[in-house]
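The next block is model_1.cif, given as mmCIF, C-alpha atoms.
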```
data_model
loop_
_atom_site.label_atom_id
_atom_site.label_comp_id
_atom_site.auth_asym_id
_atom_site.auth_seq_id
_atom_site.Cartn_x
_atom_site.Cartn_y
_atom_site.Cartn_z
CA LEU A 1 94.43 113.44 123.34
CA GLY A 2 95.81 109.93 122.86
CA ILE A 3 92.85 109.05 120.64
CA VAL A 4 93.39 112.19 118.54
CA ILE A 5 97.14 111.54 118.17
CA GLY A 6 96.65 107.87 117.28
CA ILE A 7 93.94 108.47 114.67
CA THR A 8 95.79 111.48 113.22
CA SER A 9 98.99 109.50 112.66
CA VAL A 10 97.19 106.55 111.07
CA VAL A 11 95.02 108.70 108.77
CA ALA A 12 98.03 110.78 107.71
CA MET A 13 99.99 107.61 106.91
CA VAL A 14 97.04 106.08 105.05
CA SER A 15 96.68 109.27 103.00
CA LEU A 16 100.36 109.15 102.01
CA VAL A 17 100.45 105.43 101.21
CA GLY A 18 97.05 105.58 99.49
CA GLY A 19 98.13 108.51 97.35
CA LEU A 20 101.39 106.83 96.36
CA ASN A 21 99.63 103.55 95.56
CA ARG A 22 97.03 105.32 93.44
CA SER A 23 99.69 107.33 91.63
CA LEU A 24 101.84 104.25 90.99
CA VAL A 25 98.94 102.22 89.63
CA ASN A 26 98.07 105.05 87.22
CA GLN A 27 101.71 105.40 86.16
CA LEU A 28 102.04 101.66 85.63
CA ALA A 29 98.97 101.72 83.41
CA SER A 30 100.44 104.54 81.33
CA LEU A 31 103.89 102.90 81.15
CA GLY A 32 102.46 99.55 80.20
CA SER A 33 102.34 97.14 83.11
CA ASP A 34 102.78 94.25 80.65
CA THR A 35 106.23 95.43 79.50
CA ILE A 36 108.89 92.84 80.37
CA SER A 37 112.44 93.94 81.20
CA VAL A 38 115.28 91.44 80.85
CA ASP A 39 117.69 92.04 83.76
CA ARG A 40 120.61 90.30 85.41
CA PHE A 41 118.79 90.21 88.76
CA ASP A 42 115.26 90.02 90.08
CA THR A 43 113.75 93.31 91.25
CA LEU A 44 113.41 91.98 94.80
CA VAL A 45 117.10 91.11 95.11
CA GLN A 46 118.91 93.34 97.59
CA MET A 47 121.56 95.00 95.46
CA GLY A 48 123.94 95.48 98.37
CA ASN A 49 124.05 91.79 99.32
CA LEU A 50 124.64 90.07 96.01
CA PRO A 51 126.36 86.68 96.26
CA ASP A 52 129.11 85.96 93.74
CA SER A 53 126.80 83.64 91.80
CA LEU A 54 124.61 86.65 90.98
CA ARG A 55 127.33 89.28 90.78
CA ASN A 56 129.15 87.28 88.09
CA ARG A 57 126.14 86.87 85.84
CA PRO A 58 126.93 87.89 82.24
CA HIS A 59 125.52 91.05 80.71
CA PHE A 60 123.25 90.95 77.69
CA ASP A 61 124.19 91.49 74.07
CA GLU A 62 122.38 91.85 70.76
CA GLU A 63 122.44 88.08 70.18
CA ASP A 64 120.09 87.69 73.16
CA ALA A 65 117.65 90.19 71.65
CA ILE A 66 117.87 88.65 68.17
CA GLY A 67 117.14 85.20 69.60
CA ILE A 68 114.00 86.48 71.33
CA ARG A 69 112.78 88.21 68.16
CA GLN A 70 113.20 85.04 66.13
CA SER A 71 111.76 82.47 68.55
CA ALA A 72 109.04 84.15 70.65
CA PRO A 73 105.74 84.42 68.71
CA ALA A 74 103.93 85.87 71.76
CA VAL A 75 106.23 88.92 71.62
CA ALA A 76 105.13 91.98 69.64
CA ALA A 77 108.41 93.92 69.79
CA VAL A 78 111.88 93.78 71.33
CA THR A 79 113.88 96.95 71.95
CA ILE A 80 117.46 97.38 73.10
CA ARG A 81 119.04 100.45 74.63
CA LYS A 82 122.18 101.72 76.31
CA ASP A 83 122.40 104.49 78.88
CA SER A 84 124.77 107.23 79.94
CA ARG A 85 124.52 110.29 82.16
CA GLU A 86 125.83 113.59 80.85
CA ARG A 87 125.40 117.34 81.26
CA LEU A 88 123.63 119.34 78.56
CA ARG A 89 124.67 122.81 77.41
CA TYR A 90 122.54 125.36 75.58
CA ARG A 91 123.57 128.98 74.98
CA GLY A 92 125.98 128.92 77.91
CA GLU A 93 123.51 127.30 80.33
CA GLU A 94 124.40 123.88 81.72
CA SER A 95 121.91 121.36 83.07
CA ARG A 96 122.35 118.87 85.89
CA ARG A 97 123.41 115.37 84.92
CA THR A 98 120.74 113.92 82.66
CA SER A 99 119.91 110.44 81.41
CA ILE A 100 121.10 110.04 77.81
CA ARG A 101 119.46 106.99 76.31
CA GLY A 102 120.55 105.36 73.06
CA ILE A 103 117.50 103.71 71.51
CA ASP A 104 116.36 101.76 68.48
CA ALA A 105 113.22 102.20 66.39
CA TYR A 106 111.05 100.07 68.73
CA HIS A 107 111.78 101.92 71.98
CA LEU A 108 108.92 104.43 71.95
CA PHE A 109 106.35 101.71 71.20
CA VAL A 110 107.61 99.23 73.79
CA ARG A 111 108.00 101.81 76.57
CA GLY A 112 104.73 103.56 75.77
CA PHE A 113 106.23 107.00 75.09
CA ALA A 114 104.65 109.49 72.69
CA ILE A 115 106.07 112.59 70.99
CA SER A 116 104.07 115.76 71.72
CA GLU A 117 106.01 118.05 69.36
CA GLY A 118 108.36 117.38 66.47
CA ARG A 119 109.06 113.90 65.12
CA ASP A 120 110.75 110.54 65.65
CA PHE A 121 114.04 109.56 64.02
CA THR A 122 113.84 108.15 60.52
CA GLU A 123 115.03 104.61 59.81
CA LEU A 124 118.14 106.05 58.14
CA GLU A 125 118.89 108.26 61.18
CA TYR A 126 118.62 105.26 63.49
CA ARG A 127 121.00 103.19 61.35
CA SER A 128 123.55 105.90 60.56
CA GLY A 129 123.76 107.37 64.06
CA ALA A 130 122.48 110.88 63.37
CA ARG A 131 123.21 113.64 65.88
CA GLY A 132 119.60 114.41 66.65
CA ALA A 133 117.82 114.36 70.01
CA ILE A 134 114.33 113.85 71.38
CA ILE A 135 114.12 115.57 74.77
CA GLY A 136 111.85 115.17 77.78
CA SER A 137 109.34 117.88 78.65
CA GLU A 138 111.25 118.78 81.83
CA ILE A 139 114.39 119.58 79.82
CA ALA A 140 112.33 121.57 77.32
CA GLU A 141 110.97 123.75 80.14
CA GLU A 142 114.19 124.18 82.13
CA LEU A 143 116.90 124.42 79.48
CA PHE A 144 114.90 126.06 76.70
CA ALA A 145 112.74 128.39 78.80
CA GLY A 146 111.23 130.98 76.47
CA PHE A 147 112.41 129.21 73.29
CA ASP A 148 110.87 126.61 70.99
CA PRO A 149 113.34 123.70 71.33
CA ILE A 150 112.55 122.20 67.93
CA GLY A 151 115.46 122.91 65.60
CA GLU A 152 117.67 124.28 68.38
CA VAL A 153 121.12 122.79 69.00
CA LEU A 154 122.30 121.55 72.39
CA THR A 155 125.78 120.30 73.27
CA ILE A 156 126.51 117.00 74.99
CA ARG A 157 130.18 116.33 75.78
CA ASN A 158 131.31 118.75 73.04
CA GLN A 159 129.02 117.11 70.46
CA ARG A 160 126.23 119.17 68.88
CA PHE A 161 122.74 117.65 68.68
CA GLU A 162 119.72 119.12 66.92
CA VAL A 163 116.46 118.79 68.86
CA ILE A 164 113.91 117.10 66.59
CA GLY A 165 111.20 116.18 69.10
CA ILE A 166 109.76 116.60 72.61
CA LEU A 167 108.33 113.69 74.59
CA GLU A 168 104.87 113.87 76.05
CA GLU A 169 104.96 114.62 79.79
CA ARG A 170 104.94 111.46 81.94
CA GLY A 171 105.63 112.68 85.49
CA ASN A 172 107.52 110.70 88.15
CA PHE A 173 107.81 106.98 88.77
CA LEU A 174 109.13 105.73 92.14
CA GLY A 175 110.62 109.16 92.81
CA GLN A 176 112.41 109.42 89.45
CA SER A 177 111.42 111.86 86.74
CA LEU A 178 110.46 110.30 83.42
CA ASP A 179 110.72 113.71 81.73
CA ASN A 180 114.41 114.37 82.46
CA GLN A 181 115.91 112.32 79.64
CA VAL A 182 117.33 112.69 76.15
CA LEU A 183 116.81 110.04 73.48
CA ILE A 184 119.37 109.63 70.70
CA PRO A 185 119.98 106.79 68.21
CA LEU A 186 121.76 103.80 69.74
CA ALA A 187 124.52 104.01 67.12
CA THR A 188 125.12 107.64 68.11
CA LEU A 189 125.44 106.81 71.81
CA GLU A 190 127.92 104.03 71.03
CA ARG A 191 129.99 106.29 68.78
CA TYR A 192 130.35 109.28 71.13
CA PHE A 193 129.68 108.12 74.69
CA VAL A 194 129.76 104.45 75.74
CA GLY A 195 131.30 102.38 72.96
CA PRO A 196 129.98 99.22 71.27
CA ARG A 197 130.91 96.89 74.15
CA ALA A 198 128.77 98.59 76.78
CA PRO A 199 126.03 96.30 78.16
CA ILE A 200 122.56 96.64 76.72
CA GLN A 201 119.13 96.68 78.33
CA ILE A 202 116.39 94.60 76.68
CA ASP A 203 112.70 95.54 77.00
CA ILE A 204 109.90 93.48 75.50
CA LYS A 205 106.25 94.14 74.61
CA PRO A 206 103.99 91.05 74.47
CA MET A 207 101.28 90.77 71.84
CA SER A 208 98.68 91.44 74.56
CA PRO A 209 98.51 91.51 78.38
CA ASP A 210 96.88 88.06 78.29
CA LEU A 211 99.97 86.64 76.58
CA VAL A 212 102.44 87.81 79.24
CA PRO A 213 102.81 84.30 80.77
CA ALA A 214 103.37 82.74 77.32
CA ALA A 215 105.82 85.49 76.39
CA ARG A 216 107.78 84.98 79.62
CA GLU A 217 108.05 81.25 78.92
CA GLN A 218 109.20 81.80 75.33
CA ILE A 219 111.71 84.49 76.37
CA THR A 220 113.12 82.18 79.05
CA GLU A 221 113.54 79.33 76.57
CA SER A 222 115.20 81.64 74.04
CA LEU A 223 117.68 83.11 76.54
CA ARG A 224 118.59 79.69 77.93
CA ARG A 225 119.25 78.47 74.40
CA THR A 226 121.27 81.56 73.39
CA ARG A 227 123.32 81.36 76.59
CA GLU A 228 123.83 77.60 76.16
CA LEU A 229 122.50 76.70 79.60
CA ARG A 230 122.15 73.00 80.39
CA PRO A 231 118.80 71.66 81.67
CA GLN A 232 120.14 71.46 85.23
CA ASP A 233 121.61 74.99 85.17
CA PRO A 234 119.59 77.76 86.84
CA ASN A 235 118.67 80.86 84.87
CA ASN A 236 121.42 83.50 84.87
CA PHE A 237 118.95 86.29 84.12
CA ALA A 238 115.64 87.65 85.44
CA LEU A 239 112.42 88.80 83.77
CA ASN A 240 110.89 91.78 85.55
CA THR A 241 107.71 93.75 84.98
CA GLN A 242 106.45 97.04 86.37
CA GLU A 243 104.25 94.93 88.64
CA ASN A 244 107.41 93.60 90.34
CA LEU A 245 108.39 97.16 91.24
CA LEU A 246 104.92 97.86 92.59
CA ASN A 247 105.02 94.72 94.75
CA LEU A 248 108.43 95.71 96.10
CA TYR A 249 107.15 99.18 96.91
CA ARG A 250 104.08 97.75 98.64
CA GLN A 251 106.29 95.53 100.81
CA ILE A 252 108.36 98.52 101.90
CA THR A 253 105.42 100.85 102.57
CA GLY A 254 103.48 98.01 104.20
CA ALA A 255 106.26 97.45 106.73
CA PHE A 256 106.51 101.17 107.43
CA PHE A 257 102.73 101.40 107.79
CA MET A 258 102.74 98.58 110.37
CA VAL A 259 105.33 100.48 112.43
CA VAL A 260 103.09 103.57 112.37
CA VAL A 261 100.07 101.45 113.36
CA ALA A 262 102.04 99.97 116.28
CA ILE A 263 102.98 103.44 117.52
CA ALA A 264 99.40 104.65 117.03
CA SER A 265 98.12 101.63 118.97
CA VAL A 266 100.17 102.72 121.98
CA ALA A 267 98.63 106.20 121.69
CA LEU A 268 95.15 104.67 121.46
CA LEU A 269 95.86 102.49 124.50
CA VAL A 270 96.96 105.52 126.51
CA GLY A 271 93.93 107.43 125.28
CA GLY A 272 91.62 104.55 126.19
CA ILE A 273 93.03 104.37 129.72
CA GLY A 274 92.55 108.12 130.01
CA VAL A 275 88.91 107.79 128.93
CA MET A 276 88.39 105.01 131.47
CA ASN A 277 89.78 107.18 134.27
CA ILE A 278 87.58 110.09 133.20
CA MET A 279 84.51 107.85 133.19
CA LEU A 280 85.40 106.46 136.64
CA VAL A 281 85.62 110.01 137.97
CA SER A 282 82.31 110.77 136.26
CA VAL A 283 80.66 107.77 137.93
CA THR A 284 81.93 108.95 141.32
CA GLU A 285 80.72 112.53 140.77
CA ARG A 286 77.31 111.36 139.53
CA THR A 287 76.67 108.73 142.19
CA ARG A 288 73.60 110.56 143.57
CA GLU A 289 72.25 111.04 140.03
CA ILE A 290 72.61 107.29 139.44
CA GLY A 291 70.85 106.59 142.75
CA ILE A 292 67.93 108.88 141.84
CA ARG A 293 67.56 107.24 138.42
CA LYS A 294 67.54 103.78 140.00
CA ALA A 295 65.03 104.89 142.63
CA LEU A 296 62.78 106.07 139.80
CA GLY A 297 62.94 102.63 138.16
CA ALA A 298 65.99 102.70 135.87
CA GLN A 299 67.32 99.22 135.16
CA LYS A 300 70.97 98.13 135.33
CA ARG A 301 71.14 97.77 131.57
CA GLN A 302 69.91 101.35 131.12
CA ILE A 303 72.64 102.71 133.40
CA LEU A 304 75.16 100.45 131.67
CA SER A 305 74.07 101.66 128.24
CA GLN A 306 74.19 105.31 129.30
CA PHE A 307 77.83 105.22 130.37
CA LEU A 308 78.91 103.03 127.46
CA VAL A 309 77.32 105.48 125.02
CA GLU A 310 79.02 108.41 126.75
CA ALA A 311 82.44 106.72 126.55
CA THR A 312 81.88 105.76 122.92
CA VAL A 313 80.75 109.26 121.92
CA LEU A 314 83.76 110.76 123.71
CA THR A 315 86.29 108.60 121.86
CA ALA A 316 84.40 108.82 118.54
CA ALA A 317 84.59 112.61 118.81
CA GLY A 318 88.34 112.29 119.37
CA GLY A 319 88.49 110.03 116.32
CA ILE A 320 86.67 112.59 114.17
CA ILE A 321 89.06 115.32 115.31
CA GLY A 322 91.96 112.97 114.52
CA ILE A 323 90.53 112.38 111.03
CA LEU A 324 90.34 116.13 110.42
CA PHE A 325 93.95 116.62 111.51
CA GLY A 326 95.07 113.59 109.46
CA VAL A 327 93.31 114.87 106.34
CA LEU A 328 94.84 118.32 106.91
CA ILE A 329 98.32 116.77 107.09
CA GLY A 330 97.56 114.85 103.89
CA ILE A 331 96.52 118.07 102.12
CA LEU A 332 99.71 119.80 103.26
CA ILE A 333 101.80 116.85 101.99
CA ASP A 334 99.99 116.98 98.65
CA ARG A 335 100.39 120.76 98.27
CA LEU A 336 103.89 121.30 99.65
CA THR A 337 105.72 118.17 98.44
CA PRO A 338 105.81 116.14 95.20
CA LEU A 339 104.23 113.23 97.08
CA PRO A 340 100.53 112.63 96.33
CA ALA A 341 98.02 112.07 99.14
CA TYR A 342 94.68 110.30 99.03
CA VAL A 343 92.46 109.02 101.86
CA PRO A 344 90.16 106.15 100.77
CA LEU A 345 86.63 105.95 102.16
CA TRP A 346 87.41 102.85 104.22
CA ALA A 347 89.98 104.82 106.22
CA TYR A 348 87.31 107.23 107.50
CA VAL A 349 85.01 104.37 108.49
CA ALA A 350 87.85 102.43 110.11
CA ALA A 351 89.09 105.47 112.06
CA VAL A 352 85.66 106.23 113.54
CA SER A 353 84.99 102.53 114.21
CA VAL A 354 88.33 101.97 115.96
CA SER A 355 88.02 105.09 118.11
CA ALA A 356 84.43 104.17 119.05
CA GLY A 357 85.57 100.61 119.77
CA VAL A 358 88.26 101.92 122.12
CA GLY A 359 85.62 103.90 124.00
CA LEU A 360 83.31 100.90 124.17
CA PHE A 361 86.07 98.62 125.49
CA PHE A 362 87.52 101.00 128.06
CA GLY A 363 84.07 102.20 129.10
CA ILE A 364 82.93 98.74 130.21
CA TRP A 365 84.45 98.86 133.72
CA PRO A 366 83.09 102.33 134.63
CA ALA A 367 79.69 101.41 133.15
CA VAL A 368 79.51 98.13 135.07
CA ARG A 369 80.57 99.93 138.25
CA ALA A 370 77.80 102.47 137.78
CA ALA A 371 75.20 99.79 137.00
CA LYS A 372 76.08 97.83 140.17
CA LEU A 373 75.57 100.77 142.53
CA HIS A 374 72.80 100.13 145.06
CA PRO A 375 70.22 102.94 144.96
CA VAL A 376 70.17 103.38 148.77
CA ASP A 377 73.97 103.60 148.99
CA ALA A 378 74.05 105.93 146.00
CA LEU A 379 71.48 108.30 147.53
CA ARG A 380 73.46 108.44 150.79
CA TYR A 381 76.66 109.37 148.94
CA GLU A 382 77.91 112.91 149.68
#
```
Could you spell out this file's structure in structure tokens?
Amino acid sequence: LGIVIGITSVVAMVSLVGGLNRSLVNQLASLGSDTISVDRFDTLVQMGNLPDSLRNRPHFDEEDAIGIRQSAPAVAAVTIRKDSRERLRYRGEESRRTSIRGIDAYHLFVRGFAISEGRDFTELEYRSGARGAIIGSEIAEELFAGFDPIGEVLTIRNQRFEVIGILEERGNFLGQSLDNQVLIPLATLERYFVGPRAPIQIDIKPMSPDLVPAAREQITESLRRTRELRPQDPNNFALNTQENLLNLYRQITGAFFMVVVAIASVALLVGGIGVMNIMLVSVTERTREIGIRKALGAQKRQILSQFLVEATVLTAAGGIIGILFGVLIGILIDRLTPLPAYVPLWAYVAAVSVSAGVGLFFGIWPAVRAAKLHPVDALRYE
């Protein structure tokens, strides 16, 4: 039972972590893992424990973005945006709070978004601050169920916006939906929601993935120059990529996985001791059988091998049962929750190998005890 519990817990955890890793890698590829975000802090910084030196870092403005555009030849495009969260209304129905993103003409390209229906804003609409909206597929399904959203009018904080486009479905990233957002021109967001002084977010697309290091160096030089930092001053900004988020996630899940492995190891230890006790009882009950085999010419190594194989088969069978239960849990997680599950091939091999190894290790003492029995004493045993 300990073997089954230990292997089940590890396989179930591997299926969850493996599924999330696989999903995140695919999402990063679709989002553009080479996209560079200019932030005040590094992704790995614990937001709850910011020292004053980080907390007081200045926000970004358009001068920072302009400087990068003018002095970074390895950069293909620079986009700026501002964000707000508002409720949407359509024909009396109100949505939950939704991300309202004010964007410029480069946003869709830099962030890797595509429009599945409708169109993008025109250059004039971007500049003038038109009251149009490009909505995520999740909003199109929930708020406009049964209606074609294109040309319909939704209300955001008493302002009417005509839907001109629908974003291609992107799914979730790190537990957050990429389809629950509304894109409007940056000038429109500033006019009706956040004002011109609200901090901006800068995202950058390098010329190619190979030029990411060069782009990072050029961006750093540009920002230090724009912010008038002296050579001895540290950077008061951070350059993050999607890969940073993935590394942070892997650190978190890796620590959690090690905790599960530690707990499973205790279960395997208990299971191994149980197998050893069972094999010791088996040796005692089969003492006469061992004596007969030795009297007929069986060697010590043959007796030793017999009991080691029995212990290994016993624990390997428990491991296989544990794999089946672990895979079943993974399937249930995949079907009943939004979390993906995937068990890589190495996990099956490792589970069977570990369980067989436990049997081999804890079967040594009973096997040696059986091999050392003297045939005369064994035949006299009642």
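For the pair CA of Ile7 (chain A) and CA of Ile321 (chain A), the interatomic distance is 8.4 Å.
For the choices A:Val38, A:Ala347, A:Ala367, A:Ala215, the atom-to-atom distance to Phe60 (chain A) is smallest for A:Val38 when using only C-alpha atoms.
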Would you mind listing what lies within 8 Å of region 94-104 of chain A as a ChimeraX atom specification, with only C-alpha atoms counted and same-chain residues fewer than 6 positions away left out? /A:79-88,126,143,180-190
Keeping only C-alpha atoms, write those residues as a CSV table (one decimal), in the frame of the given file.
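Contents of selection_12.csv, as written:
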```
chain,number,residue,atom,x,y,z
A,79,THR,CA,113.9,97.0,72.0
A,80,ILE,CA,117.5,97.4,73.1
A,81,ARG,CA,119.0,100.4,74.6
A,82,LYS,CA,122.2,101.7,76.3
A,83,ASP,CA,122.4,104.5,78.9
A,84,SER,CA,124.8,107.2,79.9
A,85,ARG,CA,124.5,110.3,82.2
A,86,GLU,CA,125.8,113.6,80.8
A,87,ARG,CA,125.4,117.3,81.3
A,88,LEU,CA,123.6,119.3,78.6
A,126,TYR,CA,118.6,105.3,63.5
A,143,LEU,CA,116.9,124.4,79.5
A,180,ASN,CA,114.4,114.4,82.5
A,181,GLN,CA,115.9,112.3,79.6
A,182,VAL,CA,117.3,112.7,76.2
A,183,LEU,CA,116.8,110.0,73.5
A,184,ILE,CA,119.4,109.6,70.7
A,185,PRO,CA,120.0,106.8,68.2
A,186,LEU,CA,121.8,103.8,69.7
A,187,ALA,CA,124.5,104.0,67.1
A,188,THR,CA,125.1,107.6,68.1
A,189,LEU,CA,125.4,106.8,71.8
A,190,GLU,CA,127.9,104.0,71.0
```
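Considering the residues A:Ala72, A:Ala341, A:Ile364, A:Ile252 and counting only C-alpha atoms, Asn277 (chain A) has its shortest atom-to-atom contact with A:Ile364.
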Expected answer as a ChimeraX atom specification: all residues with atoms within 8 Å of (117.6, 86.2, 87.1), only C-alpha atoms: /A:39-42,235-239
Picked residues, the PyMOL selection byres ((chain A and resi 166-172) around 6), as a PyMOL selection string: chain A and resi 114-117+134-137+165+173+175-178
Within 9 Å of Phe361 (chain A), counting only C-alpha atoms, which residues show up once you throw out same-chain ones fewer than 6 positions away? Write them as a compact mmCIF listing (two decimals) with C-alpha atoms, keeping the file's coordinate frame, please.
```
# COMPACT_ATOMS: atom_id res chain seq x y z
CA GLY A 272 91.62 104.55 126.19
CA LEU A 308 78.91 103.03 127.46
CA ALA A 311 82.44 106.72 126.55
CA THR A 312 81.88 105.76 122.92
```
Set the distance at 9 Å and use only C-alpha atoms: which residues neighbour region 257-271 of chain A once local chain neighbours fewer than 6 positions away are removed? I'd like the list as an mmCIF file with C-alpha atoms, in the frame of the given file.
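Full text of selection_29.cif as output:
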```
data_model
loop_
_atom_site.group_PDB
_atom_site.id
_atom_site.type_symbol
_atom_site.label_atom_id
_atom_site.label_comp_id
_atom_site.auth_asym_id
_atom_site.auth_seq_id
_atom_site.Cartn_x
_atom_site.Cartn_y
_atom_site.Cartn_z
ATOM 1 C CA LEU A 1 94.430 113.440 123.340
ATOM 2 C CA GLY A 2 95.810 109.930 122.860
ATOM 3 C CA ILE A 3 92.850 109.050 120.640
ATOM 4 C CA VAL A 4 93.390 112.190 118.540
ATOM 5 C CA ILE A 5 97.140 111.540 118.170
ATOM 6 C CA GLY A 6 96.650 107.870 117.280
ATOM 7 C CA ILE A 7 93.940 108.470 114.670
ATOM 8 C CA THR A 8 95.790 111.480 113.220
ATOM 9 C CA SER A 9 98.990 109.500 112.660
ATOM 10 C CA VAL A 10 97.190 106.550 111.070
ATOM 11 C CA MET A 13 99.990 107.610 106.910
ATOM 12 C CA VAL A 14 97.040 106.080 105.050
ATOM 13 C CA VAL A 17 100.450 105.430 101.210
ATOM 14 C CA THR A 315 86.290 108.600 121.860
ATOM 15 C CA SER A 355 88.020 105.090 118.110
ATOM 16 C CA VAL A 358 88.260 101.920 122.120
#
```
What lies within 10 Å of Thr35 (chain A) using only C-alpha atoms, ignoring chain neighbours under 5 positions off, as a PDB file with C-alpha atoms, keeping the file's coordinate frame?
```pdb
ATOM      1  CA  LEU A  28     102.040 101.660  85.630  1.00  0.00           C
ATOM      2  CA  VAL A 110     107.610  99.230  73.790  1.00  0.00           C
ATOM      3  CA  ARG A 111     108.000 101.810  76.570  1.00  0.00           C
ATOM      4  CA  GLY A 112     104.730 103.560  75.770  1.00  0.00           C
ATOM      5  CA  ASP A 203     112.700  95.540  77.000  1.00  0.00           C
ATOM      6  CA  ILE A 204     109.900  93.480  75.500  1.00  0.00           C
ATOM      7  CA  LYS A 205     106.250  94.140  74.610  1.00  0.00           C
ATOM      8  CA  PRO A 206     103.990  91.050  74.470  1.00  0.00           C
ATOM      9  CA  SER A 208      98.680  91.440  74.560  1.00  0.00           C
ATOM     10  CA  PRO A 209      98.510  91.510  78.380  1.00  0.00           C
ATOM     11  CA  VAL A 212     102.440  87.810  79.240  1.00  0.00           C
ATOM     12  CA  ASN A 240     110.890  91.780  85.550  1.00  0.00           C
ATOM     13  CA  THR A 241     107.710  93.750  84.980  1.00  0.00           C
ATOM     14  CA  GLN A 242     106.450  97.040  86.370  1.00  0.00           C
ATOM     15  CA  GLU A 243     104.250  94.930  88.640  1.00  0.00           C
TER      16      GLU A 243
END
```
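Atom pair CA of Arg216 (chain A) / CA of Gln70 (chain A): separated by 14.5 Å.
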Can you pull out every residue within 12 Å of Leu345 (chain A), counting all atoms listed in the file, but drop anything in the same chain fewer than 4 positions away, and send it as a list in words? Val11, Val14, Ser15, Gly18, Ile323, Val327, Val349, Ala350, Ala351 and Val352 of chain A
Write a file of the just-selected residues containing C-alpha atoms, as a PDB file, keeping the file's coordinate frame.
```
ATOM      1  CA  VAL A  11      95.020 108.700 108.770  1.00  0.00           C
ATOM      2  CA  VAL A  14      97.040 106.080 105.050  1.00  0.00           C
ATOM      3  CA  SER A  15      96.680 109.270 103.000  1.00  0.00           C
ATOM      4  CA  GLY A  18      97.050 105.580  99.490  1.00  0.00           C
ATOM      5  CA  ILE A 323      90.530 112.380 111.030  1.00  0.00           C
ATOM      6  CA  VAL A 327      93.310 114.870 106.340  1.00  0.00           C
ATOM      7  CA  VAL A 349      85.010 104.370 108.490  1.00  0.00           C
ATOM      8  CA  ALA A 350      87.850 102.430 110.110  1.00  0.00           C
ATOM      9  CA  ALA A 351      89.090 105.470 112.060  1.00  0.00           C
ATOM     10  CA  VAL A 352      85.660 106.230 113.540  1.00  0.00           C
TER      11      VAL A 352
END
```
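Ranking A:Gly363, A:Asn244, A:Asp233, A:Lys294 by their shortest atom-to-atom distance to Val275 (chain A), with only C-alpha atoms included, puts A:Gly363 first.
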The residue from A:Glu217, A:Ile139, A:Arg225, A:Ile202 with the smallest atom-to-atom distance to Asp179 (chain A), counting all atoms listed in the file, is A:Ile139
Taking the file as shown, find all residues satisfying the PyMOL selection byres ((chain A and resi 334) around 12) and write them as a list in words. Ala12, Ser15, Leu16, Val17, Gly18, Gly19, Leu20, Ser23, Val327, Leu328, Ile329, Gly330, Ile331, Leu332, Ile333, Arg335, Leu336, Thr337, Pro338, Leu339, Pro340, Ala341, Tyr342 and Val343 of chain A
Please measure the separation of CA of Met207 (chain A) and CA of Asp34 (chain A), giving the value in Å to one decimal. 9.6 Å
Using only C-alpha atoms, which of A:Lys372, A:Asn21, A:Pro231, A:Asp61 sits nearest Pro196 (chain A)? A:Asp61
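Under the PyMOL selection byres ((chain A and resi 158) around 12), the matching residues in the shown file are Glu86, Arg87, Leu88, Arg89, Tyr90, Arg131, Val153, Leu154, Thr155, Ile156, Arg157, Gln159, Arg160, Phe161, Tyr192 and Phe193 of chain A.
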Given the block above, output region 190-207 of chain A with C-alpha atoms as a CSV table (one decimal), in the first residue's frame.
```csv
chain,number,residue,atom,x,y,z
A,190,GLU,CA,-6.5,58.7,-21.4
A,191,ARG,CA,-9.5,60.9,-22.2
A,192,TYR,CA,-12.2,58.9,-20.5
A,193,PHE,CA,-10.5,56.6,-17.9
A,194,VAL,CA,-7.0,57.2,-16.6
A,195,GLY,CA,-5.7,60.6,-17.7
A,196,PRO,CA,-2.5,61.6,-19.5
A,197,ARG,CA,-0.3,61.3,-16.4
A,198,ALA,CA,-1.0,57.6,-15.7
A,199,PRO,CA,2.1,55.4,-15.9
A,200,ILE,CA,2.7,53.6,-19.2
A,201,GLN,CA,3.9,50.1,-19.9
A,202,ILE,CA,6.5,49.6,-22.6
A,203,ASP,CA,6.8,46.4,-24.6
A,204,ILE,CA,9.5,45.8,-27.2
A,205,LYS,CA,9.9,43.4,-30.1
A,206,PRO,CA,13.5,42.7,-31.3
A,207,MET,CA,14.3,42.3,-34.9
```
